[in-house]
Amino acid sequence: MESDSENEFWDPSHTSPKERILAATRFLDQTKRVSSPSPQRSHRIVGSSGRPSIPPDQNARVGPVTGRHRGGERNDTIIDRSSTASAGKRPVHAEEKSDYSADTGSEDDSQVESLLASTESDSSLDPSKETSLTSVQAKSASSSITSLGSSASVDPVSGRKRTLEYENTFDTPIVPVTPSSKSVKQSKQFASTNVDTPSRSSTASSSRIREIKKALASSLPNTPIQPPSTVVPDSPTADRGKVETLTMVRACDSFDQSLGLRNSTTPDGFHIIAHDKKVQAMMDSMRIPWGAQYELARGVSCGSWSWADIAGNPARLESMRSRTNRDALTLMPQNFLRPPGVAASQPNLQLWAELDREELAICERGFRGLGLARQRGLGLQGEWEEAEGWYGGKIQQIARLDEAEGTLRLVLALMEMSRSTRFARFLGSRRILQISIPQAMRAGRADELKHFMTQKFVLCGRVFVAFAAKEDKVFLMETNEDYERGPQVPGDEQRMSLENFIAWHNPMDKNGKQPVSKWATRFDLGLSTSIPALSFQPANMFNIDDEVVHKVIGKKAPAEEIYTDGCGFMNGAALSAIGQRMGYPGRPTAVQGRIAGSKGVWMLHSSPSEQGLQGIPKIWTRESQRKILLDFDNLGPAHCIFDLVAPPRVIIPSRLSRLTVLNLSHNGVPKDILVELMKETLYEQVQALTQWTRPQDMQLLWATVNRIGHVTASRIQQYALGASRALGLSGRIREDEVPSDEPSDAIQELLDAVGDRELDEDEAAALLSEIESAGALPQRLRDQATGEPLTIHGSVMDLLQAGFHPTKLPVLYDKLKKIIMKVIEDVINDFHVSVPLSAEAFIVPDPYGALNEGEIHLKSTKDLKSPLEDLNPNIVLGEVLIYRNPVRVPSDVQKVIAVQHELLSSYTDVIVLPTKGPCSLASKLAGGDYDGDVCVCIYDPRIVRDFNNSPLCTAPPNFLSDNFEDQGKIEQVVNMAADMSHMAEGSDQRRKKLQAALLSDVFRPPIGAYSVFHENAAYSRGYDAPETIRNAFMFNTILDSRKTGLRVKDDVLRKDKRQYDKQRPECLQSSTKAFPEWLSCNNPVRLFRPPEFGPFILDELLEAGKATRDVLLSRYDKLKELAGFRDDKADDADLLRPYRNASLLIENPIFSSDLALIQGHVASHIKRWQRLAGESDSRTNSTPLRSRGRSARSARSGDQRKKWKDLAHSFASGPEIREDSPLLLVGDVAAIKASWAYAEKPKFAWTVAFQSLCRIKAMSQGAVAMAGHFADSMSMSSSAVRVLEQGRLGMS
């Protein structure tokens, strides 16, 4: 047991320096009396996350664990205070040896005592000054690093360690070291000492003592100046190697912590995500699989347990020895407490099994070399471990950047399995760590984030470094460096250094003539979600020139003059092979993807000889597609694989957005047409949700809710594991202000899906982790206690398929009303007006030059118009409008003529644009190109007829020089490489120089601000005003600033904020919330629109939409009046049946006691429910919505949700009915309980027993048993919908 003085020393209640000093003095006196200066004194724990431990007696075991890192070797000593094992037991690390240092003097202790005494003698210590030592904190933290490694000292003359050789016994008692045995061990050790091992001595403690003295003297004004102390050299002398005694270390640590001089025992440049030297040694020796190591580290990171908890129970680790990830992770819930986010159900076995496949593939590659046939993770090598067509890189290791009291740290999250990238396939999923950065942290904190992210991050002894930043994420890769871990395991030899990885993907020597920022964005190619689709032989990979307006030898044409910008060719055999691998119904005309250092779209080759289905796959890449120059004669296997991003896909119909409406109105489309389209959209959507009269209407209603909520579609996409775009299941989000190639964020999708539950980002993240950990799919989210889906669309579908009707169940009626209101608000507020005669698809250049300027070709494999109204329903002919989102200037929408051309008949599901004219037509469409851009084609004559093309808009004169920093300041890659050449290879300075360039995207440019400024300028100055056009070009230029390196001048941004950051009209409000970090929330000045401009089109559409909304909601409310039901009335005979049957038995003594328990259980929970409902109502009424800040509101709502959740869990888990109760033989207790609750309080019952009530209803109508994963993938076919609709019309 620890002494009273020791307990007092570590007492957290001692907050002032004086209290700590007094406690330290008493503790030091006590340890002096009980300690012995003999050689077997205990030493410091190094690498432990907790404070050092002092063994209670001489039998304390000392177990060494040796770890290495790039800065040199560390031979550290660990003190194990657990009980002594029986003698003769084989240690876990019996084959490993390490050194421990003898503490042979108390000279350093005397210095500590002297300092303690002198400080204690001062009676004027001011507790209020105890946090004022930040001026010396950095210096002290730096100097104290030297005290954290090996406690052995080295003779500077001989280079010999003054240590005793010691064989690790781990679980065996230590035999005291005698003077004779000591000399023998010393002589052996001196003969085998590695002279290159850096030394650590107690002089580091002396340095810390001096820092403490200076801190005390400088920060406490009434402290007397101490007399000069003897300076102890920082290097040990030849006569005597000093060591850090445990007393010295603990006292210094206490002073450091009390005075704020040191917050971590981690060396400079390292950030510990989760690591413990002792536990890592145990895990390495037991061959604990990586997935289990990650989960253990995640539990520590989340605060669910500590490394000491793990080390103190080696049997728990032992149970996972040498197991697979799947088997080891199955044991985790049994062996350890559940960390936050882990559901009580089975772990995600699919993910762990996939991790096992990757581990085997990595090891296979390691044992057989680096040929294509052995890099199995790259894919295209057939079946692997019972997985057909297997490829790797599907798992994401995720950490979230967190901040506590001004300190940044990384908190591990659950692994996910949602997508695959080239980098993950090449390195292995476990070699990449994805860091999510909250949006609020990115604004104005670029330098701080860069400094943090350029550290080395340690996770379970493995060192990760940042190599790329994309959107709100930073990506880390595991390097070939270790930190305090033992022998490498199979596969470790495949790891790479950061510079070797860069040389493989984006070599600086071949890509030096470009801005550093542009060079850094090229890492996006390896981070795009993709599928390995086809491998090409280098001999069949060809480079070709672009078609341009004016070709000049040796000069690159500007982007707007490149007709083929971003689009190359594939032969028919290659496209057929891709179609077969992906299971497409036919050969695709074009595919979007990446290969080697190129990206873009590859379309069917124009030569008839290359269009056959059979043959050798070939690919032709344009100059404009090559983003990274590689050594073409030495391409690796990964470079020769075509990574598929998406096939061509026509989406029908398209819809308008706020910006499109502005453009159409400006270019002549009458207001009445736009209002008519909005009304049609609203009536069509609401009508489909309010036709309930016929029996089959409930099935059609189910199908409509499923379609509007994308329920089944989302579930299928989740099964696709990030391959939904490549499989043609989804397109990109069409009206994004900031377009992205990546799938939408899962957290944001969850927020959108459960918006009616008012989750914030953190709660959504926790909820998502909880569901994913159970192997559930995000769109199948259900409350664990009640079984109710968390999405309102899912809840309505459950109620409908159980047999409920909206006019007979108030809960269903109310939920449907919420869905209707959500549909209406989406159309009105975001102007998502559907255009029936419209489509969107990839754009490609005319391969034959057959189209004239102003012509396009659009042919689809599905009907674009009604076959009853058009003889050529799959071809668009005549005048059409074409544009690319986002539309910002008048000329971004072009009126062209759609034609049919025989040469282009094979090019289906793409929009073919001409290769004639003074510029590329794609460049007119908001600066587009052909590398995967999707355009909208409107062929509705009501819109097209009155539209007039505007003159081509160009940037104002001197646009770049007036608004952006001097381009001469933008660093070039060649200059960065020259600077790095003067730095030592492998040095931190060199690495940080490189990372500073790679992390340039951590800075968040004001893209959102200028999106808002542009809209505000259009409102206050006119859509085609010069300032509006300038703001549009500001937005577009900033959007490309990741590549160009351009930065807005500070004075320009300030000026624009003063002019345009004002209160916006209601019609523009919904777009403001997307970019809160750049905008003011309390500016009292409103935007002013001059009367001479006339009504603003968005104001007019908003008013028309509101009027239509009021009519539709009024009609819906009348349905309730006609039905005549009351919310608080329990009148469903099916739901009451179990309660009524149980009531007949309540007087029977056999059942009475158990039924009384159920009755009391229901009654007590109804009271809790009523109290919670009262609290919710009072909070809502007492605090106006506008006055509640987001964080405070989130905290209160989170606390309230927890209470509701606890109520539901409590109701579901009780009452306790005996296993031999006769009641179990005559009825389902859960059904009786739910029915009883319904009879007492229907609203309460639906709050706590949703799924039980659904089962009761379904059983009464002839339920069919079905597992959840079958239900997830079911939807109503289009033919079934047609049959049911015909029945509605009396045609069947």
# chains A, B, ... in the order shown; residues from 1 in each chain; ligands from 1
>>> residues_around(residues="Cys640 in chain A", least_positions_apart="6", cutoff="12 Å", atoms="only C-alpha atoms", output="NGL selection string")
:A and (372 or 378-380 or 422 or 532-542 or 594-598 or 617-619 or 630 or 632-634)
>>> select_by_dssp(residues="range 822-885 of chain A", states="strand (DSSP E or B)", output="list in words")
Ser834, Val835, Ser838, Ala839, Glu840, Ala841, Phe842, Ile843, Val844, Pro845, Glu855, Ile856, His857, Leu858, Lys859, Ile875, Gly878, Glu879, Val880, Leu881, Ile882 and Tyr883 of chain A
>>> write_last_selection(atoms="C-alpha atoms", output="mmCIF file, in the first residue's frame")
data_model
loop_
_atom_site.group_PDB
_atom_site.id
_atom_site.type_symbol
_atom_site.label_atom_id
_atom_site.label_comp_id
_atom_site.auth_asym_id
_atom_site.auth_seq_id
_atom_site.Cartn_x
_atom_site.Cartn_y
_atom_site.Cartn_z
ATOM 1 C CA SER A 834 -39.049 19.579 -60.964
ATOM 2 C CA VAL A 835 -38.875 19.904 -64.773
ATOM 3 C CA SER A 838 -35.264 17.358 -68.585
ATOM 4 C CA ALA A 839 -32.320 15.038 -68.048
ATOM 5 C CA GLU A 840 -28.726 15.172 -66.888
ATOM 6 C CA ALA A 841 -25.696 13.167 -67.972
ATOM 7 C CA PHE A 842 -21.942 13.256 -68.590
ATOM 8 C CA ILE A 843 -20.741 15.545 -71.360
ATOM 9 C CA VAL A 844 -18.188 14.304 -73.916
ATOM 10 C CA PRO A 845 -16.615 15.927 -77.007
ATOM 11 C CA GLU A 855 -25.419 21.694 -81.727
ATOM 12 C CA ILE A 856 -25.523 18.785 -79.275
ATOM 13 C CA HIS A 857 -26.474 15.112 -79.405
ATOM 14 C CA LEU A 858 -28.397 13.314 -76.626
ATOM 15 C CA LYS A 859 -29.512 9.718 -76.992
ATOM 16 C CA ILE A 875 -33.644 10.994 -78.500
ATOM 17 C CA GLY A 878 -34.930 20.650 -81.382
ATOM 18 C CA GLU A 879 -34.078 23.657 -79.243
ATOM 19 C CA VAL A 880 -32.916 22.863 -75.727
ATOM 20 C CA LEU A 881 -31.168 24.545 -72.823
ATOM 21 C CA ILE A 882 -27.936 23.120 -71.419
ATOM 22 C CA TYR A 883 -26.103 24.149 -68.259
#
>>> select_by_dssp(residues="range 846-931 of chain A", states="alpha helix (DSSP H)", output="list of chain:residue names")
A:Leu921, A:Ala922, A:Ser923, A:Lys924
>>> closest_residue(among="A:Gln685, A:Gln1059, A:Ser1000, A:Thr807", to="Glu1121 in chain A", atoms="only C-alpha atoms")
A:Thr807
>>> atom_distance(atom1="CA of Ser436 in chain A", atom2="CA of Lys473 in chain A")
4.8 Å
>>> atom_distance(atom1="CA of Ile616 in chain A", atom2="CA of Gly849 in chain A")
26.7 Å
>>> closest_residue(among="A:Lys1106, A:Arg357, A:His805, A:Lys1205", to="Gly393 in chain A", atoms="only C-alpha atoms")
A:Arg357
>>> closest_residue(among="A:Ser624, A:Asp524, A:Ala274, A:Trp1236", to="Pro558 in chain A", atoms="only C-alpha atoms")
A:Ser624
>>> residues_around(residues="range 954-960 of chain A", least_positions_apart="4", cutoff="10 Å", atoms="only C-alpha atoms", output="JSON, numbers by chain")
{"A": [889, 891, 924, 964, 965, 966, 967, 1026, 1027, 1029, 1030, 1031, 1032, 1033, 1034, 1037, 1046, 1047, 1048]}
>>> write_last_selection(atoms="C-alpha atoms", output="PDB file, in the first residue's frame")
ATOM      1  CA  VAL A 889     -23.452  34.355 -64.579  1.00  0.00           C
ATOM      2  CA  SER A 891     -24.079  33.062 -70.013  1.00  0.00           C
ATOM      3  CA  LYS A 924     -19.157  28.343 -71.565  1.00  0.00           C
ATOM      4  CA  PHE A 964      -5.671  38.174 -55.102  1.00  0.00           C
ATOM      5  CA  GLU A 965      -2.201  38.132 -53.594  1.00  0.00           C
ATOM      6  CA  ASP A 966       0.813  38.482 -55.861  1.00  0.00           C
ATOM      7  CA  GLN A 967       1.210  35.263 -57.850  1.00  0.00           C
ATOM      8  CA  PRO A1026     -20.517  44.268 -62.825  1.00  0.00           C
ATOM      9  CA  GLU A1027     -20.180  43.685 -59.086  1.00  0.00           C
ATOM     10  CA  ILE A1029     -20.297  39.253 -62.142  1.00  0.00           C
ATOM     11  CA  ARG A1030     -17.122  39.991 -60.157  1.00  0.00           C
ATOM     12  CA  ASN A1031     -18.441  38.089 -57.135  1.00  0.00           C
ATOM     13  CA  ALA A1032     -19.311  35.148 -59.384  1.00  0.00           C
ATOM     14  CA  PHE A1033     -15.744  35.037 -60.717  1.00  0.00           C
ATOM     15  CA  MET A1034     -14.442  35.436 -57.163  1.00  0.00           C
ATOM     16  CA  THR A1037     -11.526  31.435 -58.700  1.00  0.00           C
ATOM     17  CA  LEU A1046      -4.378  32.048 -55.082  1.00  0.00           C
ATOM     18  CA  ARG A1047      -5.500  33.785 -51.879  1.00  0.00           C
ATOM     19  CA  VAL A1048      -7.912  36.666 -51.559  1.00  0.00           C
TER      20      VAL A1048
END
